[in-house]
Structures are given as structure tokens and as C-alpha cells.
$ cat data.txt   # compact mmCIF, C-alpha atoms
# COMPACT_ATOMS: atom_id res chain seq x y z
CA MET X 1 0.00 0.00 0.00
CA GLN X 2 1.35 3.39 -0.99
CA ALA X 3 1.64 5.97 1.77
CA PRO X 4 -0.29 9.14 0.87
CA TRP X 5 1.62 12.32 0.19
CA PRO X 6 1.64 14.75 3.16
CA LYS X 7 0.09 17.39 0.89
CA PRO X 8 -2.03 16.32 -2.11
CA VAL X 9 -1.72 18.07 -5.47
CA LEU X 10 -4.88 19.35 -7.15
CA LEU X 11 -4.79 19.68 -10.90
CA ALA X 12 -7.28 20.45 -13.67
CA LEU X 13 -6.73 17.55 -16.06
CA GLU X 14 -10.04 17.57 -17.90
CA GLU X 15 -11.12 21.20 -17.94
CA PRO X 16 -10.14 24.46 -16.20
CA GLY X 17 -11.52 24.74 -12.68
CA ASN X 18 -12.37 21.03 -12.47
CA TYR X 19 -9.67 19.76 -10.11
CA VAL X 20 -8.64 16.17 -9.51
CA THR X 21 -6.82 15.36 -6.26
CA ILE X 22 -3.61 13.35 -6.59
CA ALA X 23 -2.44 12.12 -3.19
CA THR X 24 -0.18 9.13 -3.88
CA THR X 25 2.74 8.26 -6.14
CA GLN X 26 0.65 5.49 -7.73
CA ALA X 27 -2.15 7.96 -8.56
CA ALA X 28 0.40 10.38 -10.02
CA SER X 29 1.80 7.63 -12.26
CA TRP X 30 -1.65 6.71 -13.53
CA ALA X 31 -2.56 10.35 -14.18
CA MET X 32 0.61 10.87 -16.24
CA ILE X 33 0.09 7.66 -18.20
CA GLU X 34 -3.68 7.84 -18.74
CA ASP X 35 -4.81 11.48 -18.59
CA TRP X 36 -1.83 13.67 -19.48
CA PRO X 37 -2.35 16.25 -22.27
CA THR X 38 1.18 15.76 -23.66
CA GLU X 39 2.83 12.54 -24.79
CA ASP X 40 6.38 13.41 -23.84
CA GLY X 41 8.66 16.00 -22.36
CA PRO X 42 11.78 16.02 -20.18
CA ALA X 43 9.89 16.70 -16.93
CA LEU X 44 7.23 14.08 -17.75
CA ASP X 45 9.88 11.46 -18.54
CA LYS X 46 11.73 12.26 -15.31
CA ALA X 47 8.55 12.20 -13.22
CA LEU X 48 7.59 8.76 -14.56
CA LEU X 49 11.06 7.43 -13.70
CA VAL X 50 10.98 9.00 -10.23
CA CYS X 51 7.53 7.51 -9.54
CA ALA X 52 8.77 4.08 -10.62
CA ASP X 53 11.75 4.44 -8.27
CA VAL X 54 9.48 5.45 -5.38
CA ILE X 55 7.25 2.42 -5.97
CA LYS X 56 10.41 0.25 -5.87
CA GLY X 57 11.44 1.91 -2.60
CA LYS X 58 14.47 3.70 -4.06
CA ARG X 59 13.24 7.30 -3.64
CA THR X 60 10.86 9.25 -1.42
CA ASN X 61 7.26 10.33 -1.93
CA ASP X 62 8.48 13.92 -1.74
CA ASP X 63 10.73 13.29 -4.76
CA ALA X 64 7.73 11.96 -6.68
CA ARG X 65 5.52 14.88 -5.68
CA LYS X 66 8.10 17.47 -6.78
CA ALA X 67 8.72 15.69 -10.10
CA PHE X 68 4.96 15.37 -10.68
CA ILE X 69 4.44 19.11 -10.11
CA ALA X 70 7.29 19.89 -12.53
CA ALA X 71 5.67 17.65 -15.17
CA ALA X 72 2.31 19.39 -14.67
CA VAL X 73 3.93 22.82 -15.08
CA GLU X 74 5.72 21.62 -18.22
CA ALA X 75 2.41 20.38 -19.68
CA GLY X 76 0.65 23.67 -18.87
CA ILE X 77 -1.81 22.04 -16.49
CA ASP X 78 -3.48 24.30 -13.92
CA ILE X 79 -2.34 23.07 -10.50
CA LYS X 80 -2.86 23.87 -6.84
CA SER X 81 -0.04 22.42 -4.76
$ encode --input "data.txt" --output "C-alpha cells"
Amino acid sequence: MQAPWPKPVLLALEEPGNYVTIATTQAASWAMIEDWPTEDGPALDKALLVCADVIKGKRTNDDARKAFIAAAVEAGIDIKS
């Protein structure tokens, strides 16, 4: 079971003002794979790798959260962190 992030990230994936709450590394991975508006980008690639490392126990949830926020900024997604 993934430990939840201390502070969830809210982001508008579908439409502006309609926020989805991402509170775990697993949820962040799924959002980037399933719902992301861009197919690739340096921050997205890094965030996916960081999330995989967290799930394997090699990095911290905070690393995943920071990388996820960077990927959202790169993709132009409206976020509340």
C-alpha cells in the first residue's frame, strides 16, 4: 500500500476549474500515463522514472511529488499544490 503524500496536489486535467486530487505516487503515475495532455517531455519522462523508483522503494514520496508538479507545469496544467 502506498503511503499518501503529506500534501495532495490538485490539478485540472479535464477542464479548467475542475480539479482532480492526486495524493499518492501510484495515482500520479496513472494520471501521467492515462490522462496527461502531452505525450512526452523532459519533466514528464523524469517524473515517470521517479515515480517508478518510489514504488520500488528507491526514492521518497516527496521526490515523486516534486517531479509530478514539474511535469504538470511543463504540460501547462493548472495546479494547486
$ residues_around --input "data.txt" --residues "X:Ala27" --least-positions-apart "3" --cutoff "12 Å" --atoms "all atoms listed in the file" --output "list in words"
Met1, Gln2, Ala3, Pro4, Trp5, Pro8, Val9, Leu10, Val20, Thr21, Ile22, Ala23, Thr24, Trp30, Ala31, Met32, Ile33, Glu34, Asp35, Leu48, Cys51, Ala52, Ile55, Asn61, Ala64, Arg65 and Phe68 of chain X
$ atom_distance --input "data.txt" --atom1 "atom CA of X:Leu11" --atom2 "atom CA of X:Ile77"
6.8 Å
$ closest_residue --input "data.txt" --among "X:Gln26, X:Ile79, X:Glu15, X:Ala71" --to "X:Lys46" --atoms "only C-alpha atoms"
X:Ala71
$ atom_distance --input "data.txt" --atom1 "atom CA of X:Glu74" --atom2 "atom CA of X:Gly17"
18.4 Å
$ atom_distance --input "data.txt" --atom1 "atom CA of X:Ala67" --atom2 "atom CA of X:Ala47"
4.7 Å
$ closest_residue --input "data.txt" --among "X:Ala43, X:Val54, X:Ala75, X:Ile69" --to "X:Lys7" --atoms "all atoms listed in the file"
X:Ile69
$ closest_residue --input "data.txt" --among "X:Tyr19, X:Pro6, X:Leu44, X:Lys58" --to "X:Val73" --atoms "only C-alpha atoms"
X:Leu44
$ closest_residue --input "data.txt" --among "X:Ala70, X:Gly76, X:Ser81, X:Thr25" --to "X:Lys56" --atoms "only C-alpha atoms"
X:Thr25
$ build_atoms --input "data.txt" --residues "stretch 18-34 of chain X" --atoms "N, CA, C and O atoms" --output "tab-separated table (two decimals), in the coordinates of the input"
chain	number	residue	atom	x	y	z
X	18	ASN	N	-11.89	22.34	-12.90
X	18	ASN	CA	-12.37	21.03	-12.47
X	18	ASN	C	-11.17	20.23	-11.98
X	18	ASN	O	-10.48	19.59	-12.76
X	19	TYR	N	-10.91	20.30	-10.67
X	19	TYR	CA	-9.67	19.76	-10.11
X	19	TYR	C	-9.81	18.31	-9.68
X	19	TYR	O	-10.81	17.91	-9.11
X	20	VAL	N	-8.77	17.55	-9.96
X	20	VAL	CA	-8.64	16.17	-9.51
X	20	VAL	C	-7.57	16.18	-8.42
X	20	VAL	O	-6.54	16.85	-8.55
X	21	THR	N	-7.79	15.44	-7.34
X	21	THR	CA	-6.82	15.36	-6.26
X	21	THR	C	-5.91	14.15	-6.47
X	21	THR	O	-6.38	13.03	-6.61
X	22	ILE	N	-4.60	14.42	-6.50
X	22	ILE	CA	-3.61	13.35	-6.59
X	22	ILE	C	-2.88	13.31	-5.24
X	22	ILE	O	-2.27	14.31	-4.84
X	23	ALA	N	-2.97	12.18	-4.56
X	23	ALA	CA	-2.44	12.12	-3.19
X	23	ALA	C	-1.43	11.00	-2.98
X	23	ALA	O	-0.90	10.85	-1.89
X	24	THR	N	-1.17	10.20	-4.02
X	24	THR	CA	-0.18	9.13	-3.88
X	24	THR	C	0.69	9.06	-5.14
X	24	THR	O	0.30	9.54	-6.20
X	25	THR	N	1.84	8.45	-5.00
X	25	THR	CA	2.74	8.26	-6.14
X	25	THR	C	2.08	7.40	-7.21
X	25	THR	O	2.19	7.68	-8.40
X	26	GLN	N	1.35	6.36	-6.78
X	26	GLN	CA	0.65	5.49	-7.73
X	26	GLN	C	-0.37	6.29	-8.55
X	26	GLN	O	-0.46	6.15	-9.77
X	27	ALA	N	-1.14	7.14	-7.87
X	27	ALA	CA	-2.15	7.96	-8.56
X	27	ALA	C	-1.48	8.92	-9.54
X	27	ALA	O	-1.98	9.16	-10.65
X	28	ALA	N	-0.33	9.47	-9.13
X	28	ALA	CA	0.40	10.38	-10.02
X	28	ALA	C	0.86	9.64	-11.28
X	28	ALA	O	0.72	10.16	-12.39
X	29	SER	N	1.37	8.43	-11.11
X	29	SER	CA	1.80	7.63	-12.26
X	29	SER	C	0.65	7.40	-13.22
X	29	SER	O	0.78	7.60	-14.43
X	30	TRP	N	-0.48	6.98	-12.67
X	30	TRP	CA	-1.65	6.71	-13.53
X	30	TRP	C	-2.10	7.96	-14.25
X	30	TRP	O	-2.45	7.91	-15.43
X	31	ALA	N	-2.12	9.09	-13.55
X	31	ALA	CA	-2.56	10.35	-14.18
X	31	ALA	C	-1.65	10.70	-15.35
X	31	ALA	O	-2.13	11.09	-16.43
X	32	MET	N	-0.34	10.53	-15.16
X	32	MET	CA	0.61	10.87	-16.24
X	32	MET	C	0.50	9.90	-17.42
X	32	MET	O	0.67	10.29	-18.56
X	33	ILE	N	0.18	8.66	-17.14
X	33	ILE	CA	0.09	7.66	-18.20
X	33	ILE	C	-1.26	7.75	-18.92
X	33	ILE	O	-1.33	7.69	-20.15
X	34	GLU	N	-2.34	7.92	-18.16
X	34	GLU	CA	-3.68	7.84	-18.74
X	34	GLU	C	-4.26	9.18	-19.19
X	34	GLU	O	-4.97	9.24	-20.18
